[in-house]
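The file protein.cif comes next; it holds mmCIF, C-alpha atoms and all ligand atoms.
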data_coords
loop_
_atom_site.group_PDB
_atom_site.id
_atom_site.type_symbol
_atom_site.label_atom_id
_atom_site.label_comp_id
_atom_site.auth_asym_id
_atom_site.auth_seq_id
_atom_site.Cartn_x
_atom_site.Cartn_y
_atom_site.Cartn_z
ATOM 1 C CA MET A 1347 88.052 170.818 21.247
ATOM 2 C CA ILE A 1348 89.320 170.254 24.789
ATOM 3 C CA ARG A 1349 88.242 167.050 26.556
ATOM 4 C CA VAL A 1350 88.008 167.188 30.331
ATOM 5 C CA MET A 1351 86.959 164.563 32.865
ATOM 6 C CA CYS A 1352 84.238 166.841 34.235
ATOM 7 C CA SER A 1353 82.766 170.147 33.073
ATOM 8 C CA GLY A 1354 83.657 171.462 36.547
ATOM 9 C CA ARG A 1355 87.276 171.321 35.407
ATOM 10 C CA VAL A 1356 86.649 174.106 32.869
ATOM 11 C CA ASP A 1357 88.237 177.117 34.459
ATOM 12 C CA LEU A 1358 87.502 180.808 33.954
ATOM 13 C CA GLU A 1359 91.040 181.021 32.569
ATOM 14 C CA PHE A 1360 90.226 178.476 29.799
ATOM 15 C CA VAL A 1361 87.347 180.649 28.590
ATOM 16 C CA PHE A 1362 89.242 183.941 28.537
ATOM 17 C CA ARG A 1363 92.377 182.330 27.113
ATOM 18 C CA ALA A 1364 90.295 180.947 24.238
ATOM 19 C CA PHE A 1365 88.941 184.420 23.451
ATOM 20 C CA ALA A 1366 92.413 185.950 23.861
ATOM 21 C CA ASN A 1367 93.699 183.339 21.374
ATOM 22 C CA GLY A 1368 91.187 184.576 18.821
ATOM 23 C CA MET A 1369 88.224 182.203 19.264
ATOM 24 C CA ASP A 1370 84.942 183.864 18.303
ATOM 25 C CA GLY A 1371 82.820 181.616 20.504
ATOM 26 C CA VAL A 1372 83.257 179.122 23.342
ATOM 27 C CA PHE A 1373 80.925 176.196 23.953
ATOM 28 C CA ILE A 1374 80.967 174.080 27.112
ATOM 29 C CA GLY A 1375 79.101 170.788 27.258
ATOM 30 C CA GLY A 1376 78.370 169.144 30.590
ATOM 31 C CA CYS A 1377 76.290 166.290 32.000
ATOM 32 C CA ARG A 1378 72.704 167.062 32.885
ATOM 33 C CA LEU A 1379 72.302 168.972 36.144
ATOM 34 C CA ASN A 1380 71.437 166.724 39.114
ATOM 35 C CA GLU A 1381 72.528 163.618 37.181
ATOM 36 C CA CYS A 1382 76.151 163.723 38.303
ATOM 37 C CA ASN A 1383 77.442 160.305 39.472
ATOM 38 C CA TYR A 1384 79.547 161.965 42.142
ATOM 39 C CA ILE A 1385 78.762 164.165 45.103
ATOM 40 C CA THR A 1386 80.819 166.950 43.549
ATOM 41 C CA HIS A 1387 78.242 168.032 40.924
ATOM 42 C CA GLY A 1388 80.939 169.773 38.926
ATOM 43 C CA ASN A 1389 78.404 170.799 36.287
ATOM 44 C CA TYR A 1390 77.024 173.358 38.756
ATOM 45 C CA ASP A 1391 80.558 174.739 39.119
ATOM 46 C CA ALA A 1392 80.739 174.980 35.329
ATOM 47 C CA LEU A 1393 77.364 176.704 35.153
ATOM 48 C CA ASN A 1394 78.330 179.269 37.813
ATOM 49 C CA MET A 1395 81.651 179.886 36.092
ATOM 50 C CA VAL A 1396 79.796 180.550 32.825
ATOM 51 C CA LEU A 1397 77.328 182.902 34.550
ATOM 52 C CA LEU A 1398 80.274 184.842 35.990
ATOM 53 C CA SER A 1399 82.141 184.836 32.664
ATOM 54 C CA LYS A 1400 79.113 186.208 30.850
ATOM 55 C CA ARG A 1401 78.880 189.154 33.254
ATOM 56 C CA ILE A 1402 82.602 189.806 32.890
ATOM 57 C CA MET A 1403 82.228 189.667 29.103
ATOM 58 C CA ALA A 1404 79.438 192.230 29.237
ATOM 59 C CA HIS A 1405 81.630 194.396 31.503
ATOM 60 C CA ILE A 1406 84.496 194.432 29.000
ATOM 61 C CA GLY A 1407 82.222 194.928 25.988
ATOM 62 C CA LEU A 1408 82.045 191.401 24.594
ATOM 63 C CA ASN A 1409 78.707 189.921 23.615
ATOM 64 C CA PRO A 1410 77.938 187.245 26.287
ATOM 65 C CA GLU A 1411 76.185 185.202 23.597
ATOM 66 C CA ARG A 1412 79.648 184.206 22.425
ATOM 67 C CA LEU A 1413 79.766 181.844 25.398
ATOM 68 C CA ARG A 1414 77.309 178.994 25.834
ATOM 69 C CA ILE A 1415 76.889 176.062 28.178
ATOM 70 C CA ASP A 1416 74.494 173.183 27.581
ATOM 71 C CA PHE A 1417 73.853 170.030 29.525
ATOM 72 C CA MET A 1418 73.252 166.606 27.998
ATOM 73 C CA SER A 1419 74.025 162.959 28.614
ATOM 74 C CA SER A 1420 76.661 160.949 26.751
ATOM 75 C CA GLY A 1421 73.829 159.102 24.971
ATOM 76 C CA GLU A 1422 72.517 162.270 23.359
ATOM 77 C CA GLY A 1423 74.905 162.572 20.441
ATOM 78 C CA MET A 1424 72.228 163.990 18.127
ATOM 79 C CA LEU A 1425 71.335 166.675 20.648
ATOM 80 C CA PHE A 1426 75.027 167.552 20.967
ATOM 81 C CA THR A 1427 75.444 168.024 17.204
ATOM 82 C CA ASP A 1428 72.218 170.062 16.970
ATOM 83 C CA VAL A 1429 73.269 172.349 19.815
ATOM 84 C CA VAL A 1430 76.793 172.795 18.453
ATOM 85 C CA ASP A 1431 75.482 173.479 14.919
ATOM 86 C CA GLU A 1432 73.055 176.043 16.292
ATOM 87 C CA PHE A 1433 75.760 177.735 18.361
ATOM 88 C CA THR A 1434 78.199 177.729 15.442
ATOM 89 C CA GLN A 1435 75.561 179.450 13.300
ATOM 90 C CA GLU A 1436 74.924 182.056 16.023
ATOM 91 C CA VAL A 1437 78.628 182.799 16.350
ATOM 92 C CA LYS A 1438 78.979 183.092 12.562
ATOM 93 C CA GLU A 1439 76.180 185.651 12.599
ATOM 94 C CA LEU A 1440 77.960 187.605 15.344
ATOM 95 C CA GLY A 1441 81.066 187.653 13.171
ATOM 96 C CA PRO A 1442 84.691 187.775 14.299
ATOM 97 C CA LEU A 1443 85.383 188.822 17.864
ATOM 98 C CA GLY A 1444 84.895 192.546 18.192
ATOM 99 C CA GLN A 1445 82.896 193.033 14.986
ATOM 100 C CA SER A 1446 79.398 192.968 16.471
ATOM 101 C CA ASP A 1447 80.733 194.076 19.847
ATOM 102 C CA GLY A 1448 81.749 197.511 18.550
ATOM 103 C CA LYS A 1449 85.344 197.150 19.756
ATOM 104 C CA ASP A 1450 88.613 197.062 17.902
ATOM 105 C CA LYS A 1451 90.963 194.117 18.231
ATOM 106 C CA GLU A 1452 93.567 195.937 20.337
ATOM 107 C CA GLU A 1453 90.982 197.108 22.863
ATOM 108 C CA ILE A 1454 89.484 193.636 23.190
ATOM 109 C CA GLN A 1455 92.910 192.065 23.551
ATOM 110 C CA ALA A 1456 93.896 194.569 26.257
ATOM 111 C CA ASN A 1457 90.619 193.978 28.135
ATOM 112 C CA LEU A 1458 91.001 190.202 27.903
ATOM 113 C CA GLU A 1459 94.571 190.356 29.185
ATOM 114 C CA GLU A 1460 93.449 192.538 32.092
ATOM 115 C CA VAL A 1461 90.768 189.985 33.011
ATOM 116 C CA ARG A 1462 93.205 187.070 32.721
ATOM 117 C CA LYS A 1463 95.622 188.768 35.106
ATOM 118 C CA LEU A 1464 92.850 189.108 37.681
ATOM 119 C CA ILE A 1465 91.376 185.606 37.408
ATOM 120 C CA PRO A 1466 92.812 184.224 40.697
ATOM 121 C CA TYR A 1467 91.549 187.354 42.467
ATOM 122 C CA ILE A 1468 88.120 187.095 40.809
ATOM 123 C CA LYS A 1469 87.790 183.418 41.722
ATOM 124 C CA LEU A 1470 88.817 184.097 45.293
ATOM 125 C CA SER A 1471 86.464 187.061 45.658
ATOM 126 C CA LYS A 1472 83.513 185.115 44.248
ATOM 127 C CA ARG A 1473 84.316 181.668 45.652
ATOM 128 C CA LYS A 1474 81.125 181.400 47.737
ATOM 129 C CA LYS A 1475 78.846 182.214 44.812
ATOM 130 C CA LEU A 1476 80.854 179.994 42.499
ATOM 131 C CA ALA A 1477 80.083 177.082 44.828
ATOM 132 C CA SER A 1478 76.288 177.667 44.761
ATOM 133 C CA ARG A 1479 73.806 175.127 43.506
ATOM 134 C CA LEU A 1480 70.877 177.093 42.157
ATOM 135 C CA GLU A 1481 68.253 175.086 40.308
ATOM 136 C CA ASN A 1482 65.944 177.929 39.481
ATOM 137 C CA GLU A 1483 66.825 179.777 36.248
ATOM 138 C CA GLU A 1484 65.747 183.132 37.639
ATOM 139 C CA GLU A 1485 68.049 182.715 40.628
ATOM 140 C CA GLN A 1486 70.871 181.626 38.336
ATOM 141 C CA ASP A 1487 70.387 184.716 36.235
ATOM 142 C CA GLY A 1488 70.669 186.903 39.341
ATOM 143 C CA LEU A 1489 73.692 185.123 40.799
ATOM 144 C CA PHE A 1490 76.085 187.796 39.512
ATOM 145 C CA SER A 1491 74.974 191.330 38.713
ATOM 146 C CA LEU A 1492 76.687 193.736 36.343
ATOM 147 C CA ASP A 1493 77.018 196.299 39.174
ATOM 148 C CA GLU A 1494 78.776 193.719 41.294
ATOM 149 C CA ILE A 1495 81.253 192.965 38.518
ATOM 150 C CA GLU A 1496 81.889 196.672 37.931
ATOM 151 C CA GLU A 1497 82.582 197.061 41.654
ATOM 152 C CA LEU A 1498 84.864 194.035 41.602
ATOM 153 C CA PHE A 1499 87.025 195.561 38.881
ATOM 154 C CA ARG A 1500 86.881 199.086 40.347
ATOM 155 C CA ASP A 1501 87.912 198.026 43.865
ATOM 156 C CA VAL A 1502 90.710 195.642 42.956
ATOM 157 C CA VAL A 1503 92.858 195.043 46.030
ATOM 158 C CA SER A 1504 96.627 195.298 45.886
ATOM 159 C CA TYR A 1505 99.026 194.140 48.584
ATOM 160 C CA TYR A 1506 102.005 196.158 49.735
ATOM 161 C CA ILE A 1507 104.643 195.559 52.388
ATOM 162 C CA ASP A 1508 105.266 198.587 54.599
ATOM 163 C CA PRO A 1509 109.090 198.828 54.721
ATOM 164 C CA GLY A 1510 108.900 200.552 58.112
ATOM 165 C CA LYS A 1511 107.129 197.546 59.654
ATOM 166 C CA CYS A 1512 108.561 194.506 57.890
ATOM 167 C CA GLN A 1513 110.739 192.443 60.231
ATOM 168 C CA ALA A 1514 112.000 190.051 57.549
ATOM 169 C CA CYS A 1515 110.528 187.029 59.315
ATOM 170 C CA MET A 1516 110.137 185.440 55.837
ATOM 171 C CA ILE A 1517 106.695 183.957 56.587
ATOM 172 C CA CYS A 1518 105.011 185.699 53.649
ATOM 173 C CA TYR A 1519 107.944 184.861 51.382
ATOM 174 C CA ARG A 1520 107.512 181.149 52.123
ATOM 175 C CA LYS A 1521 103.730 181.178 51.764
ATOM 176 C CA CYS A 1522 103.288 183.203 48.575
ATOM 177 C CA PRO A 1523 102.000 180.700 45.964
ATOM 178 C CA VAL A 1524 103.562 182.462 42.977
ATOM 179 C CA GLU A 1525 106.912 183.682 44.328
ATOM 180 C CA ALA A 1526 105.869 187.297 44.009
ATOM 181 C CA ILE A 1527 107.686 188.266 47.220
ATOM 182 C CA SER A 1528 111.392 188.794 47.293
ATOM 183 C CA GLY A 1529 113.364 189.014 50.470
ATOM 184 C CA ALA A 1530 115.922 187.296 52.631
ATOM 185 C CA LYS A 1531 117.075 187.166 56.243
ATOM 186 C CA ASN A 1532 117.438 190.726 57.510
ATOM 187 C CA GLN A 1533 116.098 192.094 54.235
ATOM 188 C CA ILE A 1534 112.876 194.074 54.022
ATOM 189 C CA HIS A 1535 110.535 192.084 51.783
ATOM 190 C CA VAL A 1536 108.894 193.510 48.675
ATOM 191 C CA ILE A 1537 106.047 192.383 46.430
ATOM 192 C CA ASP A 1538 106.381 192.311 42.656
ATOM 193 C CA GLN A 1539 102.988 193.684 41.599
ATOM 194 C CA ASP A 1540 103.319 192.166 38.115
ATOM 195 C CA ILE A 1541 103.559 188.649 39.547
ATOM 196 C CA CYS A 1542 101.170 189.018 42.502
ATOM 197 C CA ILE A 1543 97.807 187.294 41.915
ATOM 198 C CA LYS A 1544 96.170 189.149 44.819
ATOM 199 C CA CYS A 1545 95.394 186.008 46.812
ATOM 200 C CA GLY A 1546 95.818 187.802 50.152
ATOM 201 C CA THR A 1547 97.901 184.997 51.705
ATOM 202 C CA CYS A 1548 100.680 187.381 52.752
ATOM 203 C CA PHE A 1549 98.129 189.678 54.405
ATOM 204 C CA GLU A 1550 96.767 186.751 56.441
ATOM 205 C CA ALA A 1551 100.202 185.337 57.165
ATOM 206 C CA CYS A 1552 102.065 188.418 58.379
ATOM 207 C CA PRO A 1553 102.097 188.205 62.209
ATOM 208 C CA PRO A 1554 99.713 190.797 63.742
ATOM 209 C CA LYS A 1555 102.545 192.139 65.932
ATOM 210 C CA PHE A 1556 104.245 193.283 62.695
ATOM 211 C CA GLY A 1557 101.162 194.039 60.564
ATOM 212 C CA ALA A 1558 103.459 194.922 57.697
ATOM 213 C CA VAL A 1559 101.260 193.839 54.774
ATOM 214 C CA LYS A 1560 98.696 196.429 53.733
ATOM 215 C CA GLU A 1561 95.634 196.082 51.531
ATOM 216 C CA ILE A 1562 95.341 198.973 49.089
ATOM 217 C CA THR A 1563 92.278 199.864 47.014
ATOM 218 C CA GLY A 1564 91.480 202.896 44.920
ATOM 219 C CA GLU A 1565 94.980 204.369 45.031
ATOM 220 C CA PRO A 1566 98.313 203.537 43.442
ATOM 221 C CA VAL A 1567 100.635 201.120 45.191
ATOM 222 C CA PRO A 1568 103.754 202.940 46.480
ATOM 223 C CA PRO A 1569 106.981 202.016 44.700
ATOM 224 C CA SER A 1570 109.104 199.297 46.284
ATOM 225 C CA ILE A 1571 111.940 200.388 48.539
ATOM 226 C CA PRO A 1572 115.254 200.417 46.572
ATOM 227 C CA GLU A 1573 117.372 197.292 46.937
ATOM 228 C CA GLU A 1574 120.273 199.090 48.647
ATOM 229 C CA GLU A 1575 117.954 200.319 51.431
ATOM 230 C CA ARG A 1576 116.427 196.942 52.310
ATOM 231 C CA THR A 1577 118.875 195.727 54.965
ATOM 232 C CA ILE A 1578 117.431 195.795 58.480
ATOM 233 C CA VAL A 1579 119.906 196.824 61.178
ATOM 234 C CA ARG A 1580 118.697 195.251 64.423
ATOM 235 C CA LYS A 1581 118.936 197.242 67.675
ATOM 236 C CA THR A 1582 121.109 194.566 69.380
ATOM 237 C CA LYS A 1583 123.518 194.747 66.465
ATOM 238 C CA LYS A 1584 123.526 198.513 66.634
ATOM 239 C CA ARG A 1585 124.438 198.329 70.363
ATOM 240 C CA ALA A 1586 127.148 195.754 69.758
ATOM 241 C CA ASN A 1587 128.599 197.915 66.991
ATOM 242 C CA ALA A 1588 128.527 200.942 69.280
ATOM 243 C CA LYS A 1589 130.529 199.082 72.001
ATOM 244 C CA THR A 1590 133.286 198.062 69.593
HETATM 245 S S1 LIG A 1601 98.772 188.621 47.644
HETATM 246 FE FE1 LIG A 1601 99.246 186.446 47.308
HETATM 247 S S2 LIG A 1601 100.324 186.445 45.370
HETATM 248 FE FE2 LIG A 1601 100.356 188.539 46.066
HETATM 249 S S3 LIG A 1601 102.270 188.726 47.156
HETATM 250 FE FE3 LIG A 1601 100.712 188.225 48.656
HETATM 251 S S4 LIG A 1601 100.821 185.993 48.831
HETATM 252 FE FE4 LIG A 1601 101.890 186.551 46.933
HETATM 253 S S1 LIG A 1602 105.386 188.255 57.095
HETATM 254 FE FE1 LIG A 1602 105.318 190.461 57.445
HETATM 255 S S2 LIG A 1602 107.085 190.913 58.721
HETATM 256 FE FE2 LIG A 1602 107.387 188.860 57.880
HETATM 257 S S3 LIG A 1602 108.619 189.221 56.039
HETATM 258 FE FE3 LIG A 1602 106.478 189.251 55.390
HETATM 259 S S4 LIG A 1602 105.861 191.377 55.490
HETATM 260 FE FE4 LIG A 1602 107.772 191.200 56.608
#
Show how you would write the structure in this file as structure tokens.
Ligand code: SF4
Ligand code: SF4
Amino acid sequence: MIRVMCSGRVDLEFVFRAFANGMDGVFIGGCRLNECNYITHGNYDALNMVLLSKRIMAHIGLNPERLRIDFMSSGEGMLFTDVVDEFTQEVKELGPLGQSDGKDKEEIQANLEEVRKLIPYIKLSKRKKLASRLENEEEQDGLFSLDEIEELFRDVVSYYIDPGKCQACMICYRKCPVEAISGAKNQIHVIDQDICIKCGTCFEACPPKFGAVKEITGEPVPPSIPEEERTIVRKTKKRANAKT
């Protein structure tokens, strides 16, 4: 049981971490839609996050019924217990994770880890839809399509710094939110693909006159330039060296 101040606080990462930690089902309870006391209406955020999670679950071969969201007020304790009992029974019938999904544990674990690595990218790519407020159930059901999720995973963007263009201005290095970029003054910068969360900040931040950060899809990211070849020798320095 995880208590949060608002169902809108329940992140995609919480859901997939719970499954990765061996939970067979995840239930999210939120206040009734349109009864939020604040202008934020976080329960719509929670609903959209669940709709997205369910499509991702279907994409990786997990039964989406293992995830449920229901809305009720704090005065509806009986409804809460009924809903949780019903969900618990459903999950018991589905069996342990993987059993009714036709997947072995290792495959599920690998798929879940892959999703978790891409969560910041997924949230960024789908941020507009995640902020929707759809009241109609049919519209909610169509908010995310399976094709769209397949495309999202197929066309994952990677970011790469072109060593021939990087001028070591350090702007991307300072702006990267997860310290995935290494570099220093007069050193060509490189991105650690294992740390990068694909937020695209470096791509936006690199000055257009340098245009050193590239977006790559559908092909492998070139290996980083070796450390001993990263020093940039400026032309003025070259001239000064030539005079002496
Ligand atoms: S895409 Fe984002 S996380 Fe990745 S290196 Fe660039 S700024 Fe850092
Ligand atoms: S912002 Fe561009 S030019 Fe500056 S260090 Fe990063 S990649 Fe290199």
Emit as AutoDock Vina command-line options the padded axis-aligned box for all listed atoms of ligand LIG 1601 (chain A), 3 Å per side, with centre and edge lengths in Å to one decimal.
--center_x 100.5 --center_y 187.4 --center_z 47.1 --size_x 9.5 --size_y 8.7 --size_z 9.5
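Excluding range 1426-1431 of chain A itself and any same-chain residue fewer than 6 positions from it, the protein and nucleic acid residues within 8 Å of it, counting only C-alpha atoms, are Phe1373, Asp1416 and Met1418 of chain A.
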Go ahead and save the residues from that selection, with C-alpha atoms, as a CSV table (one decimal), keeping the file's coordinate frame.
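Output file part-v9.csv is given in full below:
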chain,number,residue,atom,x,y,z
A,1373,PHE,CA,80.9,176.2,24.0
A,1416,ASP,CA,74.5,173.2,27.6
A,1418,MET,CA,73.3,166.6,28.0
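Between Tyr1505 in chain A and the candidates A:Tyr1519, A:Phe1549, A:Tyr1467, A:Phe1490, the tightest atom-to-atom separation, counting only C-alpha atoms, involves A:Phe1549.
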Check your understanding: Pick the closest to Lys1560 in chain A from A:Arg1401, A:Lys1511, A:Arg1414, A:Lys1581: which is it, counting only C-alpha atoms?
Key -> A:Lys1511
Exercise for review: Show me which residues sit within 6 Å of ligand LIG 1602 (chain A) when counting all atoms listed in the file, and put them as number ranges by chain.
Suggested key: A: 1507, 1512-1518, 1535, 1551-1552, 1556, 1558-1559
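For the atom pair formed by CA of Ala1392 in chain A and CA of Ile1415 in chain A, the distance is 8.2 Å, given to one decimal.
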Could you list, with a cut-off of 8 Å and counting only C-alpha atoms and all ligand atoms, the residues of chain A near ligand LIG 1601 (chain A), each shown with its nearest atom pair and the distance in Å rounded to one decimal, rows sorted by chain and ascending number, as JSON lines?
{"residue": "A:Ser1504", "atom": "CA", "partner": "A:LIG1601", "partner_atom": "S1", "distance": 7.2}
{"residue": "A:Tyr1505", "atom": "CA", "partner": "A:LIG1601", "partner_atom": "S1", "distance": 5.6}
{"residue": "A:Tyr1506", "atom": "CA", "partner": "A:LIG1601", "partner_atom": "S3", "distance": 7.9}
{"residue": "A:Cys1518", "atom": "CA", "partner": "A:LIG1601", "partner_atom": "S4", "distance": 6.4}
{"residue": "A:Tyr1519", "atom": "CA", "partner": "A:LIG1601", "partner_atom": "S4", "distance": 7.7}
{"residue": "A:Lys1521", "atom": "CA", "partner": "A:LIG1601", "partner_atom": "S4", "distance": 6.3}
{"residue": "A:Cys1522", "atom": "CA", "partner": "A:LIG1601", "partner_atom": "S4", "distance": 3.7}
{"residue": "A:Pro1523", "atom": "CA", "partner": "A:LIG1601", "partner_atom": "FE4", "distance": 5.9}
{"residue": "A:Val1524", "atom": "CA", "partner": "A:LIG1601", "partner_atom": "S2", "distance": 5.7}
{"residue": "A:Glu1525", "atom": "CA", "partner": "A:LIG1601", "partner_atom": "FE4", "distance": 6.3}
{"residue": "A:Ala1526", "atom": "CA", "partner": "A:LIG1601", "partner_atom": "S3", "distance": 5.0}
{"residue": "A:Ile1527", "atom": "CA", "partner": "A:LIG1601", "partner_atom": "S3", "distance": 5.4}
{"residue": "A:Ile1537", "atom": "CA", "partner": "A:LIG1601", "partner_atom": "S3", "distance": 5.3}
{"residue": "A:Asp1538", "atom": "CA", "partner": "A:LIG1601", "partner_atom": "S3", "distance": 7.1}
{"residue": "A:Gln1539", "atom": "CA", "partner": "A:LIG1601", "partner_atom": "FE2", "distance": 7.3}
{"residue": "A:Ile1541", "atom": "CA", "partner": "A:LIG1601", "partner_atom": "S2", "distance": 7.0}
{"residue": "A:Cys1542", "atom": "CA", "partner": "A:LIG1601", "partner_atom": "FE2", "distance": 3.7}
{"residue": "A:Ile1543", "atom": "CA", "partner": "A:LIG1601", "partner_atom": "S2", "distance": 4.4}
{"residue": "A:Lys1544", "atom": "CA", "partner": "A:LIG1601", "partner_atom": "S1", "distance": 3.9}
{"residue": "A:Cys1545", "atom": "CA", "partner": "A:LIG1601", "partner_atom": "FE1", "distance": 3.9}
{"residue": "A:Gly1546", "atom": "CA", "partner": "A:LIG1601", "partner_atom": "S1", "distance": 4.0}
{"residue": "A:Thr1547", "atom": "CA", "partner": "A:LIG1601", "partner_atom": "S4", "distance": 4.2}
{"residue": "A:Cys1548", "atom": "CA", "partner": "A:LIG1601", "partner_atom": "S4", "distance": 4.2}
{"residue": "A:Phe1549", "atom": "CA", "partner": "A:LIG1601", "partner_atom": "FE3", "distance": 6.5}
Just want the 12 Å neighbourhood of Arg1473 in chain A, counted on only C-alpha atoms, with same-chain residues fewer than 4 positions away dropped. Output as a PDB file with C-alpha atoms, in the frame of the given file.
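Once written, selection.pdb looks like this:
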ATOM      1  CA  ASP A1391      80.558 174.739  39.119  1.00  0.00           C
ATOM      2  CA  ASN A1394      78.330 179.269  37.813  1.00  0.00           C
ATOM      3  CA  MET A1395      81.651 179.886  36.092  1.00  0.00           C
ATOM      4  CA  LEU A1398      80.274 184.842  35.990  1.00  0.00           C
ATOM      5  CA  ILE A1465      91.376 185.606  37.408  1.00  0.00           C
ATOM      6  CA  PRO A1466      92.812 184.224  40.697  1.00  0.00           C
ATOM      7  CA  TYR A1467      91.549 187.354  42.467  1.00  0.00           C
ATOM      8  CA  ILE A1468      88.120 187.095  40.809  1.00  0.00           C
ATOM      9  CA  LYS A1469      87.790 183.418  41.722  1.00  0.00           C
ATOM     10  CA  ALA A1477      80.083 177.082  44.828  1.00  0.00           C
ATOM     11  CA  SER A1478      76.288 177.667  44.761  1.00  0.00           C
ATOM     12  CA  PHE A1490      76.085 187.796  39.512  1.00  0.00           C
ATOM     13  CA  CYS A1545      95.394 186.008  46.812  1.00  0.00           C
TER      14      CYS A1545
END
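In this structure, CA of Thr1563 in chain A sits 5.0 Å away from CA of Val1503 in chain A.
Nearest-residue note for Gln1455 in chain A: choosing from A:Ile1562, A:Thr1577, A:Gly1375, A:Gly1407, the minimum distance belongs to A:Gly1407, counting all atoms listed in the file.
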Can you patch up range 1372-1383 of chain A, filling it in to N, CA, C and O atoms, and show the result as a CSV table (one decimal), keeping the file's coordinate frame?
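File written: selection_28.csv
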chain,number,residue,atom,x,y,z
A,1372,VAL,N,82.8,180.2,22.5
A,1372,VAL,CA,83.3,179.1,23.3
A,1372,VAL,C,82.0,178.4,23.8
A,1372,VAL,O,81.1,179.0,24.3
A,1373,PHE,N,82.0,177.0,23.5
A,1373,PHE,CA,80.9,176.2,24.0
A,1373,PHE,C,81.4,175.2,25.0
A,1373,PHE,O,82.5,174.6,24.8
A,1374,ILE,N,80.6,175.1,26.1
A,1374,ILE,CA,81.0,174.1,27.1
A,1374,ILE,C,79.8,173.1,27.2
A,1374,ILE,O,78.6,173.5,27.4
A,1375,GLY,N,80.1,171.8,27.1
A,1375,GLY,CA,79.1,170.8,27.3
A,1375,GLY,C,79.3,170.0,28.6
A,1375,GLY,O,80.4,169.6,28.9
A,1376,GLY,N,78.3,169.9,29.3
A,1376,GLY,CA,78.4,169.1,30.6
A,1376,GLY,C,77.2,168.1,30.7
A,1376,GLY,O,76.3,168.2,30.0
A,1377,CYS,N,77.4,167.2,31.7
A,1377,CYS,CA,76.3,166.3,32.0
A,1377,CYS,C,75.1,167.1,32.5
A,1377,CYS,O,75.2,168.2,33.0
A,1378,ARG,N,73.9,166.4,32.4
A,1378,ARG,CA,72.7,167.1,32.9
A,1378,ARG,C,72.8,167.4,34.4
A,1378,ARG,O,73.3,166.6,35.2
A,1379,LEU,N,72.3,168.6,34.7
A,1379,LEU,CA,72.3,169.0,36.1
A,1379,LEU,C,71.5,167.9,37.0
A,1379,LEU,O,70.5,167.4,36.5
A,1380,ASN,N,72.0,167.7,38.2
A,1380,ASN,CA,71.4,166.7,39.1
A,1380,ASN,C,71.6,165.3,38.7
A,1380,ASN,O,70.9,164.4,39.2
A,1381,GLU,N,72.3,165.0,37.6
A,1381,GLU,CA,72.5,163.6,37.2
A,1381,GLU,C,74.0,163.2,37.3
A,1381,GLU,O,74.4,162.2,36.7
A,1382,CYS,N,74.7,164.0,38.1
A,1382,CYS,CA,76.2,163.7,38.3
A,1382,CYS,C,76.3,162.4,39.1
A,1382,CYS,O,75.5,162.2,40.1
A,1383,ASN,N,77.2,161.6,38.8
A,1383,ASN,CA,77.4,160.3,39.5
A,1383,ASN,C,78.2,160.5,40.8
A,1383,ASN,O,78.4,159.6,41.5
